[in-house]
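S.K.: Please see the structure below; I have some questions.
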Amino acid sequence: MESFLSIRKRAVFASDPYNSRGRRISQPPSSERSPYQRDKDRIIHCSAFRRLKGKTQVFVSHEGDYYRTRLTHSLEVAQIARSIARVLGVDEDLSECLALAHDLGHPPFGHSGEEALAECMKPYGGFDHNAQTLRIVESLEHRYASFDGLNLTWETLEGIAKHNGPVLKAGDNSDDLPWALRALENWERLELMTYAGPEAQVAAIADDIAYNNHDIDDGLRAGLFTVDEISEQVPLVKDAFEDVWKRFPDTSENRAIHEVIRDLIGYMIKDVLDEAGRRLEAVNPQSADDIRALDHAVIDFSDGFREFEKPLRKFLYKNMYRHYKVNRMMGQASRVVQELFELFIEDPDILPTEIRKDCNGPNDHLTARVVCDYIAGMTDSFAIAEHRKLFSVTGYLEG
């Protein structure tokens with residue numbers, strides 16, 4: 001039987017761009033690009049994608065220009081997703097499109113910014129970055145004369161909504177869905193109780209591979225921990241460094257780190273491909289819908305790797321995400337988001353004219369959503385500058 005690792009042709013279970021379920025607003029097809037290629041191009045050219053260059057992955061942007069931003073992270077996820085998709089024979093353009101789009105809804109300042117905005121929005125329907133991504137591509141982008149949003153295909157929208165798995169389970173109340181998701185026109189069309197197609201699963205696992213490895217890289221470069229410290233506590237990383245030093249005994253630590261990251265990414269991709277091969281062989285799907293109908297993902301790490309991964313996630317949580325330097329940055333970032341929100345919702349007249357026109361008075365639900373959209377779209381540096389101007393007379397005069 002042919003190994004799934006040797007597949008180089010289009011798989012029968014791949015999403016077919018020419019049999020897409022279509023767009024919300026019908027458009028004539030392109031003779032030069034497939035529907036998924038057009039989706040990918042629309043993502044790349046939208047303003048929300050460009051703003052990712054100024055949004056935190058872990059470090060606030062002014063801490064240095066070496067560390068990953070949401071933009072560089074998204075590009076790295078896209079490269080990994082395309083590599084996996086090519087081997088599995090699923091649609092590379094759709095996989096790459098979903099990888100590029102997956103972080104569009106993140107507010108400034110990483111997870112701290114999201115937590116702060118979610119807390120502010122509790123009385124007004126909440127905030128969720130995945131749902132916000134859908135809100136951006138369905139309505140907030142204003143680029144095209146014929147429609148709001150990007151008018152993406154059903155498969156891309158479904159992948160954005162469900163790339164981490166089903167959003168609703170049997171017995172769940174749809175009222176518990178994020179407001180931004182329920183506010184979408186006919187949101188039920190996204191079939192939120194099923195898994196997404198194979199390309200979305202590829203993008204999701206590519207995201208895991210990227211942040212696992214690039215957080216190691218950024219943490220080492222930032223001096224939050226040393227090679228010896230992570231090697232002592234994470235066998236997976238220890239083995240990788242030992243192998244690199246054996247192959248390149250005279251190389252510098254800087255080059256060794258690069259080699260280790262390369263090797264770990266390759267190791268994780270191979271684990272995903274081997275595990276996907278086993279799962280696909282077991283279920284023998286004949287279409288993307290067959291994959292959606294399963295009660296589990298088919299593109300995932302093996303159980304064995306998940307055990308290897310646990311010490312890594314534990315180490316990074318303790319020594320990077322909860323490092324006091326990161327805590328200080330993110331504590332300040334949370335205050336910036338909270339104070340901007342409170343000021344804007346209580347006094348929407350100070351919002352820019354094009355934003356203020358959509359408000360409905362102080363402390364109103366509609367005003368809260370407009371303010372949330374405005375803050376969520378900010379880059380780190382813009383949010384800091386706005387806060388300085390609005391909370392400091394000196395900052396206002398300088399601005």
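A note on labels: chains of the structure tokens are A, B, ... as shown, every chain counts residues from 1, and ligands are counted from 1 in their shown order.
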Report as CSV: every residue of range 106-161 of chain A with an atom at most 9 Å from range 367-371 of chain A, its closest pair of atoms, and their distance in Å to one decimal, counting only C-alpha atoms, with rows sorted by chain and ascending residue number.

M.R.:
residue,atom,partner,partner_atom,distance
A:Cys120,CA,A:Ala368,CA,9.0
A:Met121,CA,A:Ala368,CA,7.3
A:Tyr124,CA,A:Ala368,CA,6.7
A:Gly125,CA,A:Arg369,CA,8.7

S.K.: Which residues of range 2-87 of chain A come within 10 Å of range 101-106 of chain A, and for each one, what is the closest pair of atoms and their distance in Å to one decimal, counting only C-alpha atoms, sorted by chain and residue number, as CSV?

M.R.:
residue,atom,partner,partner_atom,distance
A:Asp39,CA,A:Ala101,CA,9.8
A:Lys40,CA,A:Ala101,CA,8.3
A:Arg42,CA,A:Ala101,CA,10.0
A:Ile43,CA,A:Ala101,CA,6.4
A:Ile44,CA,A:Ala101,CA,8.5
A:Cys46,CA,A:Leu104,CA,9.8
A:Ser47,CA,A:Leu104,CA,9.7
A:Ala48,CA,A:Leu104,CA,6.0
A:Phe49,CA,A:Leu104,CA,6.1
A:Arg50,CA,A:Leu104,CA,9.4
A:Arg51,CA,A:Leu104,CA,8.6
A:Leu52,CA,A:Leu104,CA,7.1
A:Lys55,CA,A:His106,CA,8.1
A:Thr56,CA,A:His106,CA,9.1
A:Gln57,CA,A:His106,CA,9.7
A:Arg70,CA,A:Asp103,CA,6.9
A:Leu71,CA,A:Asp103,CA,8.5
A:His73,CA,A:Asp103,CA,9.1
A:Ser74,CA,A:Asp103,CA,7.2
A:Leu75,CA,A:Ala101,CA,10.0
A:Val77,CA,A:His102,CA,9.4
A:Ala78,CA,A:Ala101,CA,9.4

S.K.: Expressed in Å to a single decimal, how great is the separation between CA of Phe301 in chain A and CA of Tyr67 in chain A?

M.R.: 26.4 Å

S.K.: Compile the contact shell of Ile25 in chain A as a list of chain:residue names: residues with an atom at most 12 Å away, counting only C-alpha atoms, same-chain residues fewer than 5 positions apart removed.

M.R.: A:Glu138, A:Ser146, A:Phe147, A:Asp148, A:Gly149, A:Leu150, A:Asn151, A:Leu152, A:Thr153, A:Trp154, A:Glu185

S.K.: Would you export the selected residues with C-alpha atoms as an mmCIF file, in the first residue's frame, please?

M.R.:
data_model
loop_
_atom_site.group_PDB
_atom_site.id
_atom_site.type_symbol
_atom_site.label_atom_id
_atom_site.label_comp_id
_atom_site.auth_asym_id
_atom_site.auth_seq_id
_atom_site.Cartn_x
_atom_site.Cartn_y
_atom_site.Cartn_z
ATOM 1 C CA GLU A 138 -17.293 39.487 6.845
ATOM 2 C CA SER A 146 -19.839 45.848 -4.059
ATOM 3 C CA PHE A 147 -19.727 44.527 -0.496
ATOM 4 C CA ASP A 148 -18.378 44.931 3.034
ATOM 5 C CA GLY A 149 -15.765 42.479 4.206
ATOM 6 C CA LEU A 150 -13.757 40.242 1.887
ATOM 7 C CA ASN A 151 -16.575 37.968 0.643
ATOM 8 C CA LEU A 152 -14.529 34.808 1.159
ATOM 9 C CA THR A 153 -15.554 31.289 0.205
ATOM 10 C CA TRP A 154 -17.536 29.111 2.608
ATOM 11 C CA GLU A 185 -25.459 36.725 8.800
#

S.K.: Determine the nearest neighbour of Ala276 in chain A from the options A:Ala297, A:Ala81, A:Leu224, A:Leu340, counting only C-alpha atoms.

M.R.: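 The shortest atom-to-atom distance to Ala276 in chain A comes from A:Ala297.
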
S.K.: Mind dumping a table of every range 58-144 of chain A residue within 7 Å of range 167-178 of chain A, with the nearest atom pair and its distance in Å to one decimal, using only C-alpha atoms, sorted by chain and rising number, as CSV?

M.R.:
residue,atom,partner,partner_atom,distance
A:Gly125,CA,A:Pro178,CA,6.9
A:Gly126,CA,A:Pro178,CA,6.4
A:Phe127,CA,A:Pro178,CA,6.6
A:Asp128,CA,A:Pro178,CA,6.4
A:Ala131,CA,A:Pro178,CA,6.5

S.K.: Write out, as a short mmCIF file (atom, residue, chain, number, x, y, z; two decimals), in the first residue's frame, the residues just selected, with C-alpha atoms.

M.R.:
data_model
loop_
_atom_site.label_atom_id
_atom_site.label_comp_id
_atom_site.auth_asym_id
_atom_site.auth_seq_id
_atom_site.Cartn_x
_atom_site.Cartn_y
_atom_site.Cartn_z
CA GLY A 125 -21.46 40.17 24.65
CA GLY A 126 -17.79 39.37 25.20
CA PHE A 127 -14.78 39.23 22.93
CA ASP A 128 -13.09 36.30 21.18
CA ALA A 131 -14.97 35.38 16.17
#

S.K.: Between A:Ser392, A:Ser252, A:Asn164, A:Ser31, which residue has the minimum interatomic distance to Asp208 in chain A, considering only C-alpha atoms?

M.R.: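 Counting only C-alpha atoms, the residue closest to Asp208 in chain A is A:Asn164.
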
S.K.: Using only C-alpha atoms, which residue out of A:Ile84, A:Gly331, A:Gly54, A:Tyr374 lies closest to Pro352 in chain A?

M.R.: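 The answer is A:Tyr374, which sits nearest to Pro352 in chain A.
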